[in-house]
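Containing mmCIF, N, CA, C and O atoms: upload37.cif.
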```cif
data_target
#
loop_
_atom_site.label_atom_id
_atom_site.label_comp_id
_atom_site.auth_asym_id
_atom_site.auth_seq_id
_atom_site.Cartn_x
_atom_site.Cartn_y
_atom_site.Cartn_z
N MET A 1 -16.67 6.51 -7.13
CA MET A 1 -15.54 5.79 -6.57
C MET A 1 -16.04 4.79 -5.55
O MET A 1 -16.86 5.11 -4.70
N THR A 2 -15.58 3.58 -5.63
CA THR A 2 -15.96 2.52 -4.70
C THR A 2 -15.31 2.77 -3.34
O THR A 2 -14.13 3.07 -3.26
N LEU A 3 -16.11 2.65 -2.31
CA LEU A 3 -15.59 2.83 -0.96
C LEU A 3 -14.79 1.59 -0.55
O LEU A 3 -15.23 0.47 -0.74
N ILE A 4 -13.62 1.84 0.02
CA ILE A 4 -12.79 0.75 0.53
C ILE A 4 -12.42 1.08 1.96
O ILE A 4 -11.81 2.10 2.23
N GLY A 5 -12.82 0.22 2.86
CA GLY A 5 -12.52 0.38 4.27
C GLY A 5 -12.01 -0.94 4.82
O GLY A 5 -11.93 -1.94 4.11
N MET A 6 -11.70 -0.95 6.07
CA MET A 6 -11.14 -2.15 6.68
C MET A 6 -12.15 -3.30 6.75
O MET A 6 -11.76 -4.46 6.85
N ASP A 7 -13.45 -2.99 6.66
CA ASP A 7 -14.44 -4.06 6.68
C ASP A 7 -14.80 -4.52 5.26
O ASP A 7 -15.61 -5.44 5.10
N THR A 8 -14.19 -3.93 4.22
CA THR A 8 -14.43 -4.35 2.85
C THR A 8 -13.85 -5.75 2.65
O THR A 8 -12.72 -6.03 3.04
N VAL A 9 -14.64 -6.62 2.04
CA VAL A 9 -14.21 -8.00 1.76
C VAL A 9 -13.88 -8.09 0.27
O VAL A 9 -14.71 -7.76 -0.57
N VAL A 10 -12.65 -8.51 -0.02
CA VAL A 10 -12.18 -8.60 -1.40
C VAL A 10 -11.67 -10.00 -1.70
O VAL A 10 -11.33 -10.76 -0.79
N VAL A 11 -11.61 -10.32 -2.99
CA VAL A 11 -11.09 -11.60 -3.44
C VAL A 11 -10.48 -11.39 -4.83
O VAL A 11 -10.93 -10.55 -5.59
N ARG A 12 -9.44 -12.15 -5.13
CA ARG A 12 -8.81 -12.03 -6.44
C ARG A 12 -9.67 -12.74 -7.49
O ARG A 12 -10.47 -13.62 -7.17
N ASN A 13 -9.46 -12.35 -8.73
CA ASN A 13 -10.15 -12.98 -9.85
C ASN A 13 -9.54 -14.36 -10.07
O ASN A 13 -8.36 -14.46 -10.43
N PRO A 14 -10.31 -15.42 -9.87
CA PRO A 14 -9.75 -16.77 -9.97
C PRO A 14 -9.43 -17.20 -11.41
O PRO A 14 -8.76 -18.21 -11.62
N ASP A 15 -9.91 -16.44 -12.39
CA ASP A 15 -9.71 -16.80 -13.79
C ASP A 15 -8.40 -16.28 -14.38
O ASP A 15 -8.13 -16.54 -15.56
N LEU A 16 -7.64 -15.55 -13.60
CA LEU A 16 -6.40 -14.97 -14.11
C LEU A 16 -5.23 -15.91 -13.85
O LEU A 16 -4.92 -16.23 -12.70
N PRO A 17 -4.56 -16.36 -14.91
CA PRO A 17 -3.38 -17.21 -14.69
C PRO A 17 -2.24 -16.38 -14.10
O PRO A 17 -2.06 -15.22 -14.45
N ALA A 18 -1.51 -16.99 -13.19
CA ALA A 18 -0.37 -16.33 -12.55
C ALA A 18 0.78 -17.32 -12.49
O ALA A 18 0.58 -18.52 -12.32
N ALA A 19 1.99 -16.78 -12.63
CA ALA A 19 3.17 -17.64 -12.59
C ALA A 19 4.25 -16.98 -11.74
O ALA A 19 4.52 -15.78 -11.88
N PRO A 20 4.86 -17.75 -10.86
CA PRO A 20 5.96 -17.21 -10.05
C PRO A 20 7.22 -17.03 -10.90
O PRO A 20 7.49 -17.82 -11.79
N VAL A 21 7.94 -15.97 -10.60
CA VAL A 21 9.25 -15.71 -11.19
C VAL A 21 10.14 -15.30 -10.02
O VAL A 21 10.06 -14.17 -9.54
N ASP A 22 10.93 -16.25 -9.53
CA ASP A 22 11.69 -16.06 -8.30
C ASP A 22 10.71 -15.74 -7.18
O ASP A 22 9.78 -16.48 -6.96
N ASP A 23 10.90 -14.61 -6.48
CA ASP A 23 9.98 -14.23 -5.40
C ASP A 23 8.79 -13.42 -5.91
O ASP A 23 7.87 -13.13 -5.15
N ASP A 24 8.83 -13.04 -7.17
CA ASP A 24 7.79 -12.21 -7.76
C ASP A 24 6.68 -13.06 -8.36
O ASP A 24 6.75 -14.28 -8.35
N LEU A 25 5.66 -12.39 -8.91
CA LEU A 25 4.55 -13.08 -9.54
C LEU A 25 4.11 -12.28 -10.76
O LEU A 25 4.02 -11.05 -10.70
N ILE A 26 3.84 -12.98 -11.84
CA ILE A 26 3.32 -12.36 -13.05
C ILE A 26 1.88 -12.84 -13.22
O ILE A 26 1.62 -14.04 -13.22
N ILE A 27 0.96 -11.88 -13.38
CA ILE A 27 -0.45 -12.19 -13.57
C ILE A 27 -0.81 -11.78 -14.99
O ILE A 27 -0.55 -10.65 -15.41
N LEU A 28 -1.42 -12.69 -15.73
CA LEU A 28 -1.78 -12.44 -17.12
C LEU A 28 -3.28 -12.18 -17.21
O LEU A 28 -4.09 -13.01 -16.81
N ASP A 29 -3.61 -11.00 -17.74
CA ASP A 29 -5.01 -10.65 -17.97
C ASP A 29 -5.26 -10.75 -19.47
O ASP A 29 -5.07 -9.79 -20.21
N VAL A 30 -5.65 -11.93 -19.91
CA VAL A 30 -5.84 -12.20 -21.33
C VAL A 30 -6.93 -11.32 -21.92
O VAL A 30 -6.79 -10.80 -23.03
N ALA A 31 -8.02 -11.13 -21.18
CA ALA A 31 -9.15 -10.34 -21.67
C ALA A 31 -8.74 -8.91 -22.03
O ALA A 31 -9.22 -8.34 -22.99
N ARG A 32 -7.83 -8.35 -21.26
CA ARG A 32 -7.38 -6.97 -21.50
C ARG A 32 -6.07 -6.91 -22.27
O ARG A 32 -5.59 -5.84 -22.61
N GLY A 33 -5.45 -8.07 -22.46
CA GLY A 33 -4.22 -8.12 -23.24
C GLY A 33 -3.01 -7.52 -22.55
O GLY A 33 -2.16 -6.93 -23.21
N HIS A 34 -2.92 -7.66 -21.25
CA HIS A 34 -1.73 -7.16 -20.54
C HIS A 34 -1.41 -8.06 -19.35
O HIS A 34 -2.17 -8.94 -18.99
N TYR A 35 -0.25 -7.80 -18.78
CA TYR A 35 0.16 -8.55 -17.60
C TYR A 35 0.56 -7.57 -16.51
O TYR A 35 0.86 -6.41 -16.77
N VAL A 36 0.54 -8.08 -15.28
CA VAL A 36 0.92 -7.28 -14.12
C VAL A 36 1.98 -8.06 -13.38
O VAL A 36 1.85 -9.27 -13.15
N GLY A 37 3.06 -7.39 -13.02
CA GLY A 37 4.12 -7.99 -12.22
C GLY A 37 4.02 -7.52 -10.78
O GLY A 37 3.87 -6.33 -10.53
N LEU A 38 4.08 -8.45 -9.87
CA LEU A 38 4.04 -8.13 -8.44
C LEU A 38 5.36 -8.53 -7.81
O LEU A 38 5.90 -9.59 -8.10
N ASP A 39 5.86 -7.67 -6.91
CA ASP A 39 7.06 -8.03 -6.17
C ASP A 39 6.67 -9.00 -5.05
O ASP A 39 5.52 -9.43 -4.96
N ALA A 40 7.62 -9.35 -4.22
CA ALA A 40 7.38 -10.36 -3.19
C ALA A 40 6.25 -9.96 -2.23
O ALA A 40 5.45 -10.81 -1.84
N ILE A 41 6.17 -8.70 -1.87
CA ILE A 41 5.11 -8.26 -0.96
C ILE A 41 3.77 -8.26 -1.68
O ILE A 41 2.76 -8.70 -1.14
N GLY A 42 3.75 -7.80 -2.93
CA GLY A 42 2.53 -7.86 -3.73
C GLY A 42 2.05 -9.28 -3.89
O GLY A 42 0.85 -9.58 -3.83
N ARG A 43 3.01 -10.17 -4.07
CA ARG A 43 2.67 -11.61 -4.20
C ARG A 43 2.07 -12.13 -2.90
O ARG A 43 1.11 -12.91 -2.91
N GLU A 44 2.60 -11.71 -1.78
CA GLU A 44 2.07 -12.12 -0.47
C GLU A 44 0.62 -11.65 -0.33
O GLU A 44 -0.24 -12.40 0.15
N ILE A 45 0.35 -10.43 -0.75
CA ILE A 45 -1.01 -9.90 -0.70
C ILE A 45 -1.91 -10.70 -1.65
O ILE A 45 -3.01 -11.10 -1.28
N TRP A 46 -1.44 -10.93 -2.88
CA TRP A 46 -2.20 -11.69 -3.87
C TRP A 46 -2.56 -13.08 -3.32
O TRP A 46 -3.70 -13.53 -3.44
N ASP A 47 -1.59 -13.73 -2.70
CA ASP A 47 -1.84 -15.05 -2.12
C ASP A 47 -2.91 -14.97 -1.03
O ASP A 47 -3.73 -15.87 -0.88
N GLY A 48 -2.90 -13.87 -0.27
CA GLY A 48 -3.89 -13.68 0.78
C GLY A 48 -5.29 -13.43 0.26
O GLY A 48 -6.26 -13.53 1.01
N LEU A 49 -5.40 -13.12 -1.02
CA LEU A 49 -6.70 -12.84 -1.63
C LEU A 49 -7.29 -14.06 -2.35
O LEU A 49 -8.26 -13.95 -3.10
N ALA A 50 -6.72 -15.23 -2.11
CA ALA A 50 -7.20 -16.46 -2.77
C ALA A 50 -8.65 -16.77 -2.40
O ALA A 50 -9.40 -17.30 -3.20
N ALA A 51 -9.03 -16.44 -1.18
CA ALA A 51 -10.40 -16.60 -0.71
C ALA A 51 -10.87 -15.23 -0.22
O ALA A 51 -10.03 -14.40 0.17
N PRO A 52 -12.15 -14.97 -0.23
CA PRO A 52 -12.64 -13.67 0.26
C PRO A 52 -12.11 -13.37 1.66
O PRO A 52 -12.10 -14.25 2.53
N ILE A 53 -11.63 -12.14 1.84
CA ILE A 53 -11.06 -11.74 3.13
C ILE A 53 -11.33 -10.25 3.36
O ILE A 53 -11.28 -9.44 2.43
N ALA A 54 -11.63 -9.91 4.60
CA ALA A 54 -11.79 -8.50 4.98
C ALA A 54 -10.41 -7.85 5.01
O ALA A 54 -9.43 -8.48 5.43
N LEU A 55 -10.34 -6.61 4.58
CA LEU A 55 -9.05 -5.92 4.58
C LEU A 55 -8.44 -5.88 5.98
O LEU A 55 -7.22 -5.99 6.12
N ALA A 56 -9.26 -5.75 7.00
CA ALA A 56 -8.73 -5.74 8.37
C ALA A 56 -7.99 -7.03 8.68
O ALA A 56 -6.91 -6.99 9.28
N ASP A 57 -8.55 -8.15 8.26
CA ASP A 57 -7.90 -9.44 8.51
C ASP A 57 -6.62 -9.59 7.70
O ASP A 57 -5.60 -10.07 8.20
N LEU A 58 -6.67 -9.17 6.44
CA LEU A 58 -5.48 -9.23 5.59
C LEU A 58 -4.37 -8.35 6.16
O LEU A 58 -3.21 -8.78 6.26
N CYS A 59 -4.71 -7.14 6.58
CA CYS A 59 -3.71 -6.22 7.13
C CYS A 59 -3.13 -6.75 8.44
O CYS A 59 -1.92 -6.63 8.67
N ALA A 60 -3.96 -7.33 9.28
CA ALA A 60 -3.47 -7.90 10.54
C ALA A 60 -2.47 -9.02 10.26
O ALA A 60 -1.42 -9.10 10.89
N ARG A 61 -2.81 -9.86 9.30
CA ARG A 61 -1.91 -10.97 8.92
C ARG A 61 -0.57 -10.43 8.41
O ARG A 61 0.50 -10.90 8.80
N LEU A 62 -0.63 -9.41 7.55
CA LEU A 62 0.60 -8.83 6.99
C LEU A 62 1.41 -8.10 8.05
O LEU A 62 2.64 -8.14 8.04
N SER A 63 0.72 -7.45 8.98
CA SER A 63 1.41 -6.74 10.07
C SER A 63 2.22 -7.71 10.92
O SER A 63 3.37 -7.44 11.27
N ARG A 64 1.62 -8.86 11.22
CA ARG A 64 2.34 -9.89 11.99
C ARG A 64 3.49 -10.48 11.16
O ARG A 64 4.59 -10.66 11.65
N ARG A 65 3.21 -10.77 9.90
CA ARG A 65 4.21 -11.41 9.02
C ARG A 65 5.45 -10.54 8.85
O ARG A 65 6.57 -11.02 8.85
N PHE A 66 5.23 -9.23 8.67
CA PHE A 66 6.35 -8.33 8.40
C PHE A 66 6.76 -7.49 9.61
O PHE A 66 7.60 -6.61 9.50
N ASN A 67 6.12 -7.76 10.77
CA ASN A 67 6.44 -7.04 12.00
C ASN A 67 6.43 -5.53 11.76
O ASN A 67 7.39 -4.82 12.07
N ALA A 68 5.32 -5.06 11.18
CA ALA A 68 5.18 -3.65 10.83
C ALA A 68 3.92 -3.09 11.48
O ALA A 68 3.00 -3.84 11.84
N SER A 69 3.88 -1.79 11.60
CA SER A 69 2.74 -1.10 12.18
C SER A 69 1.47 -1.40 11.39
O SER A 69 1.46 -1.32 10.16
N LEU A 70 0.40 -1.70 12.10
CA LEU A 70 -0.88 -1.98 11.45
C LEU A 70 -1.36 -0.77 10.67
O LEU A 70 -1.90 -0.91 9.56
N ASP A 71 -1.15 0.43 11.20
CA ASP A 71 -1.58 1.64 10.49
C ASP A 71 -0.84 1.80 9.16
O ASP A 71 -1.45 2.12 8.14
N THR A 72 0.46 1.58 9.17
CA THR A 72 1.25 1.69 7.95
C THR A 72 0.83 0.64 6.94
O THR A 72 0.63 0.93 5.76
N ILE A 73 0.67 -0.60 7.40
CA ILE A 73 0.23 -1.68 6.53
C ILE A 73 -1.13 -1.35 5.93
O ILE A 73 -1.34 -1.49 4.72
N ALA A 74 -2.06 -0.89 6.76
CA ALA A 74 -3.42 -0.59 6.29
C ALA A 74 -3.41 0.48 5.22
O ALA A 74 -4.11 0.37 4.21
N GLN A 75 -2.61 1.52 5.40
CA GLN A 75 -2.53 2.59 4.39
C GLN A 75 -1.98 2.05 3.07
O GLN A 75 -2.55 2.28 2.00
N ASP A 76 -0.88 1.32 3.15
CA ASP A 76 -0.24 0.80 1.94
C ASP A 76 -1.11 -0.25 1.24
O ASP A 76 -1.23 -0.24 0.01
N VAL A 77 -1.71 -1.14 2.01
CA VAL A 77 -2.54 -2.20 1.42
C VAL A 77 -3.79 -1.60 0.78
O VAL A 77 -4.21 -2.03 -0.30
N THR A 78 -4.38 -0.60 1.39
CA THR A 78 -5.57 0.03 0.82
C THR A 78 -5.26 0.64 -0.55
O THR A 78 -6.04 0.48 -1.50
N VAL A 79 -4.13 1.29 -0.68
CA VAL A 79 -3.71 1.86 -1.97
C VAL A 79 -3.51 0.75 -2.99
O VAL A 79 -3.98 0.83 -4.13
N PHE A 80 -2.84 -0.32 -2.59
CA PHE A 80 -2.57 -1.44 -3.49
C PHE A 80 -3.87 -2.13 -3.91
O PHE A 80 -4.06 -2.45 -5.09
N ILE A 81 -4.79 -2.32 -2.96
CA ILE A 81 -6.08 -2.95 -3.26
C ILE A 81 -6.85 -2.08 -4.26
O ILE A 81 -7.46 -2.60 -5.20
N ARG A 82 -6.81 -0.79 -4.09
CA ARG A 82 -7.48 0.13 -5.03
C ARG A 82 -6.89 -0.07 -6.44
O ARG A 82 -7.63 -0.11 -7.42
N GLU A 83 -5.56 -0.18 -6.55
CA GLU A 83 -4.92 -0.38 -7.85
C GLU A 83 -5.36 -1.71 -8.48
O GLU A 83 -5.68 -1.76 -9.67
N LEU A 84 -5.39 -2.77 -7.68
CA LEU A 84 -5.83 -4.07 -8.19
C LEU A 84 -7.30 -4.02 -8.63
O LEU A 84 -7.66 -4.57 -9.67
N LEU A 85 -8.11 -3.33 -7.86
CA LEU A 85 -9.53 -3.18 -8.19
C LEU A 85 -9.70 -2.40 -9.49
O LEU A 85 -10.47 -2.79 -10.37
N ASP A 86 -8.97 -1.29 -9.62
CA ASP A 86 -9.05 -0.46 -10.82
C ASP A 86 -8.63 -1.22 -12.07
O ASP A 86 -9.10 -0.94 -13.17
N GLN A 87 -7.74 -2.19 -11.90
CA GLN A 87 -7.27 -3.00 -13.03
C GLN A 87 -8.15 -4.23 -13.28
O GLN A 87 -7.88 -5.01 -14.19
N GLY A 88 -9.17 -4.42 -12.45
CA GLY A 88 -10.07 -5.55 -12.62
C GLY A 88 -9.49 -6.89 -12.19
O GLY A 88 -9.99 -7.94 -12.58
N LEU A 89 -8.44 -6.85 -11.37
CA LEU A 89 -7.79 -8.09 -10.93
C LEU A 89 -8.43 -8.69 -9.70
O LEU A 89 -8.23 -9.87 -9.40
N ILE A 90 -9.19 -7.87 -8.97
CA ILE A 90 -9.90 -8.34 -7.78
C ILE A 90 -11.32 -7.80 -7.83
O ILE A 90 -11.63 -6.90 -8.62
N SER A 91 -12.16 -8.34 -6.96
CA SER A 91 -13.51 -7.81 -6.84
C SER A 91 -13.87 -7.66 -5.37
O SER A 91 -13.28 -8.30 -4.50
N ILE A 92 -14.84 -6.80 -5.13
CA ILE A 92 -15.34 -6.58 -3.78
C ILE A 92 -16.50 -7.52 -3.55
O ILE A 92 -17.42 -7.60 -4.36
N GLN A 93 -16.44 -8.25 -2.45
CA GLN A 93 -17.51 -9.19 -2.08
C GLN A 93 -18.52 -8.55 -1.14
O GLN A 93 -19.66 -8.96 -1.12
N ALA A 94 -18.09 -7.57 -0.37
CA ALA A 94 -18.99 -6.86 0.56
C ALA A 94 -18.49 -5.43 0.65
O ALA A 94 -17.30 -5.18 0.78
N GLU A 95 -19.42 -4.51 0.57
CA GLU A 95 -19.09 -3.08 0.59
C GLU A 95 -18.76 -2.60 2.00
O GLU A 95 -19.28 -3.11 2.98
N SER A 96 -17.94 -1.58 2.03
CA SER A 96 -17.56 -0.93 3.28
C SER A 96 -18.45 0.28 3.51
O SER A 96 -18.90 0.92 2.57
N GLY A 97 -18.65 0.60 4.76
CA GLY A 97 -19.40 1.80 5.08
C GLY A 97 -18.53 3.03 5.19
O GLY A 97 -19.00 4.14 5.21
N ALA A 98 -17.21 2.85 5.27
CA ALA A 98 -16.29 3.97 5.45
C ALA A 98 -15.28 4.02 4.34
O ALA A 98 -14.79 3.00 3.89
N MET A 99 -14.98 5.21 3.89
CA MET A 99 -14.00 5.38 2.82
C MET A 99 -12.61 5.52 3.41
O MET A 99 -12.42 6.17 4.40
N ARG A 100 -11.64 4.90 2.75
CA ARG A 100 -10.23 4.99 3.17
C ARG A 100 -9.45 5.58 2.04
O ARG A 100 -9.70 5.39 0.92
#
```
Just give me the structure as structure tokens.
Amino acid sequence: MTLIGMDTVVVRNPDLPAAPVDDDLIILDVARGHYVGLDAIGREIWDGLAAPIALADLCARLSRRFNASLDTIAQDVTVFIRELLDQGLISIQAESGAMR
């Protein structure tokens, strides 16, 4: 299992076409023959992954944006990042030393 911590740097796969549908986003993974739908918050996270970013920085940005606890955001975002990673939609640019 890949370690994911707040110092892990991740980035979305730039080769995946995505299209907005209202506030949501549909990502097409042609290579695997499926698509992924993201709600408005998932879309906000996806947009934040356009360039490599440390999870700590992404979570801080989302915490300010949604006026939510950093701990809560960090827990939820880490789970979501793991799901995106497992689906091959993002990649890790730098490994973390701590598991979350």
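When the PyMOL selection byres (((chain A and resi 73-87 and name CA) around 9) and name CA) is run on the displayed coordinates, the residues it returns are Thr2, Ile4, Gly5, Met6, Val10, Arg12, Gly42, Ile45, Leu55, Ala56, Leu58, Cys59, Ala60, Leu62, Ser63, Ala68, Ser69, Leu70, Asp71, Thr72, Gly88, Leu89, Ile90, Ser91, Ile92 and Arg100 of chain A.
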(request) Enumerate, as a ChimeraX atom specification, the complete set of residues in chain A that a backbone-based DSSP assignment places in strand (DSSP E or B). (result) /A:9-12,18-21,24-29,34-38,53-54,90-94
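Atom pair atom N of Asp7 in chain A / atom C of Asp24 in chain A: separated by 27.1 Å.
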(request) Might you pull out every residue within 8 Å of Gly37 in chain A, with all atoms listed in the file counted and same-chain residues fewer than 4 positions away left off, and present them as number ranges by chain? (result) A: 19, 24-28, 42-43
Using the file's own x, y and z axes, so that the box edges lie along x, y and z, what centre and edge lengths in Å (one decimal) does a box around every listed atom of range 60-76 of chain A get when 5 Å is added on each side? Give it as lines of an AutoDock Vina configuration file.
```
center_x = 1.7
center_y = -4.4
center_z = 6.1
size_x = 21.7
size_y = 24.0
size_z = 22.2
```
(request) Give me, please, the distance in Å between atom O of Val9 in chain A and CA of Arg65 in chain A, quoted to one decimal. (result) 21.5 Å
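Here atom C of Pro20 in chain A stands at a distance of 29.6 Å from atom O of Ala94 in chain A.
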(message) The residues within 10 Å of (-7.7, -15.2, -17.8), using only C-alpha atoms and the coordinates of the file, should be reported as a PyMOL selection string; which are they?
(response) chain A and resi 13-18+27-33+89
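Using all atoms listed in the file, the shortest contact distance between Glu44 in chain A and any of A:Asp23, A:Gln93, A:Phe66, A:Thr8 is found at A:Asp23.
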All heavy atoms are needed for range 21-31 of chain A; please write them out as a PDB file, in the coordinates of the input.
```
ATOM      1  N   VAL A  21       7.940 -15.970 -10.600  1.00  0.00           N
ATOM      2  CA  VAL A  21       9.250 -15.710 -11.190  1.00  0.00           C
ATOM      3  C   VAL A  21      10.140 -15.300 -10.020  1.00  0.00           C
ATOM      4  O   VAL A  21      10.060 -14.170  -9.540  1.00  0.00           O
ATOM      5  CB  VAL A  21       9.203 -14.592 -12.250  1.00  0.00           C
ATOM      6  CG1 VAL A  21      10.585 -14.313 -12.796  1.00  0.00           C
ATOM      7  CG2 VAL A  21       8.219 -14.929 -13.362  1.00  0.00           C
ATOM      8  N   ASP A  22      10.930 -16.250  -9.530  1.00  0.00           N
ATOM      9  CA  ASP A  22      11.690 -16.060  -8.300  1.00  0.00           C
ATOM     10  C   ASP A  22      10.710 -15.740  -7.180  1.00  0.00           C
ATOM     11  O   ASP A  22       9.780 -16.480  -6.960  1.00  0.00           O
ATOM     12  CB  ASP A  22      12.778 -15.004  -8.458  1.00  0.00           C
ATOM     13  CG  ASP A  22      13.824 -15.401  -9.499  1.00  0.00           C
ATOM     14  OD1 ASP A  22      14.169 -16.601  -9.567  1.00  0.00           O
ATOM     15  OD2 ASP A  22      14.280 -14.524 -10.253  1.00  0.00           O
ATOM     16  N   ASP A  23      10.900 -14.610  -6.480  1.00  0.00           N
ATOM     17  CA  ASP A  23       9.980 -14.230  -5.400  1.00  0.00           C
ATOM     18  C   ASP A  23       8.790 -13.420  -5.910  1.00  0.00           C
ATOM     19  O   ASP A  23       7.870 -13.130  -5.150  1.00  0.00           O
ATOM     20  CB  ASP A  23      10.713 -13.404  -4.345  1.00  0.00           C
ATOM     21  CG  ASP A  23      11.706 -14.232  -3.557  1.00  0.00           C
ATOM     22  OD1 ASP A  23      11.522 -15.465  -3.480  1.00  0.00           O
ATOM     23  OD2 ASP A  23      12.666 -13.656  -3.017  1.00  0.00           O
ATOM     24  N   ASP A  24       8.830 -13.040  -7.170  1.00  0.00           N
ATOM     25  CA  ASP A  24       7.790 -12.210  -7.760  1.00  0.00           C
ATOM     26  C   ASP A  24       6.680 -13.060  -8.360  1.00  0.00           C
ATOM     27  O   ASP A  24       6.750 -14.280  -8.350  1.00  0.00           O
ATOM     28  CB  ASP A  24       8.383 -11.294  -8.826  1.00  0.00           C
ATOM     29  CG  ASP A  24       9.469 -10.375  -8.266  1.00  0.00           C
ATOM     30  OD1 ASP A  24       9.510 -10.175  -7.040  1.00  0.00           O
ATOM     31  OD2 ASP A  24      10.265  -9.868  -9.060  1.00  0.00           O
ATOM     32  N   LEU A  25       5.660 -12.390  -8.910  1.00  0.00           N
ATOM     33  CA  LEU A  25       4.550 -13.080  -9.540  1.00  0.00           C
ATOM     34  C   LEU A  25       4.110 -12.280 -10.760  1.00  0.00           C
ATOM     35  O   LEU A  25       4.020 -11.050 -10.700  1.00  0.00           O
ATOM     36  CB  LEU A  25       3.380 -13.192  -8.545  1.00  0.00           C
ATOM     37  CG  LEU A  25       2.199 -14.041  -8.986  1.00  0.00           C
ATOM     38  CD1 LEU A  25       2.583 -15.524  -8.956  1.00  0.00           C
ATOM     39  CD2 LEU A  25       1.003 -13.801  -8.085  1.00  0.00           C
ATOM     40  N   ILE A  26       3.840 -12.980 -11.840  1.00  0.00           N
ATOM     41  CA  ILE A  26       3.320 -12.360 -13.050  1.00  0.00           C
ATOM     42  C   ILE A  26       1.880 -12.840 -13.220  1.00  0.00           C
ATOM     43  O   ILE A  26       1.620 -14.040 -13.220  1.00  0.00           O
ATOM     44  CB  ILE A  26       4.146 -12.756 -14.306  1.00  0.00           C
ATOM     45  CG1 ILE A  26       5.624 -12.396 -14.120  1.00  0.00           C
ATOM     46  CG2 ILE A  26       3.557 -12.138 -15.557  1.00  0.00           C
ATOM     47  CD1 ILE A  26       5.898 -10.922 -13.961  1.00  0.00           C
ATOM     48  N   ILE A  27       0.960 -11.880 -13.380  1.00  0.00           N
ATOM     49  CA  ILE A  27      -0.450 -12.190 -13.570  1.00  0.00           C
ATOM     50  C   ILE A  27      -0.810 -11.780 -14.990  1.00  0.00           C
ATOM     51  O   ILE A  27      -0.550 -10.650 -15.410  1.00  0.00           O
ATOM     52  CB  ILE A  27      -1.331 -11.411 -12.575  1.00  0.00           C
ATOM     53  CG1 ILE A  27      -0.899 -11.717 -11.144  1.00  0.00           C
ATOM     54  CG2 ILE A  27      -2.805 -11.719 -12.806  1.00  0.00           C
ATOM     55  CD1 ILE A  27      -1.465 -10.753 -10.120  1.00  0.00           C
ATOM     56  N   LEU A  28      -1.420 -12.690 -15.730  1.00  0.00           N
ATOM     57  CA  LEU A  28      -1.780 -12.440 -17.120  1.00  0.00           C
ATOM     58  C   LEU A  28      -3.280 -12.180 -17.210  1.00  0.00           C
ATOM     59  O   LEU A  28      -4.090 -13.010 -16.810  1.00  0.00           O
ATOM     60  CB  LEU A  28      -1.411 -13.644 -17.994  1.00  0.00           C
ATOM     61  CG  LEU A  28      -1.712 -13.529 -19.476  1.00  0.00           C
ATOM     62  CD1 LEU A  28      -0.960 -12.349 -20.085  1.00  0.00           C
ATOM     63  CD2 LEU A  28      -1.334 -14.818 -20.181  1.00  0.00           C
ATOM     64  N   ASP A  29      -3.610 -11.000 -17.740  1.00  0.00           N
ATOM     65  CA  ASP A  29      -5.010 -10.650 -17.970  1.00  0.00           C
ATOM     66  C   ASP A  29      -5.260 -10.750 -19.470  1.00  0.00           C
ATOM     67  O   ASP A  29      -5.070  -9.790 -20.210  1.00  0.00           O
ATOM     68  CB  ASP A  29      -5.289  -9.236 -17.451  1.00  0.00           C
ATOM     69  CG  ASP A  29      -6.755  -8.860 -17.524  1.00  0.00           C
ATOM     70  OD1 ASP A  29      -7.535  -9.591 -18.176  1.00  0.00           O
ATOM     71  OD2 ASP A  29      -7.119  -7.829 -16.938  1.00  0.00           O
ATOM     72  N   VAL A  30      -5.650 -11.930 -19.910  1.00  0.00           N
ATOM     73  CA  VAL A  30      -5.840 -12.200 -21.330  1.00  0.00           C
ATOM     74  C   VAL A  30      -6.930 -11.320 -21.920  1.00  0.00           C
ATOM     75  O   VAL A  30      -6.790 -10.800 -23.030  1.00  0.00           O
ATOM     76  CB  VAL A  30      -6.165 -13.703 -21.554  1.00  0.00           C
ATOM     77  CG1 VAL A  30      -6.445 -13.996 -23.016  1.00  0.00           C
ATOM     78  CG2 VAL A  30      -5.030 -14.572 -21.040  1.00  0.00           C
ATOM     79  N   ALA A  31      -8.020 -11.130 -21.180  1.00  0.00           N
ATOM     80  CA  ALA A  31      -9.150 -10.340 -21.670  1.00  0.00           C
ATOM     81  C   ALA A  31      -8.740  -8.910 -22.030  1.00  0.00           C
ATOM     82  O   ALA A  31      -9.220  -8.340 -22.990  1.00  0.00           O
ATOM     83  CB  ALA A  31     -10.270 -10.330 -20.647  1.00  0.00           C
TER      84      ALA A  31
END
```
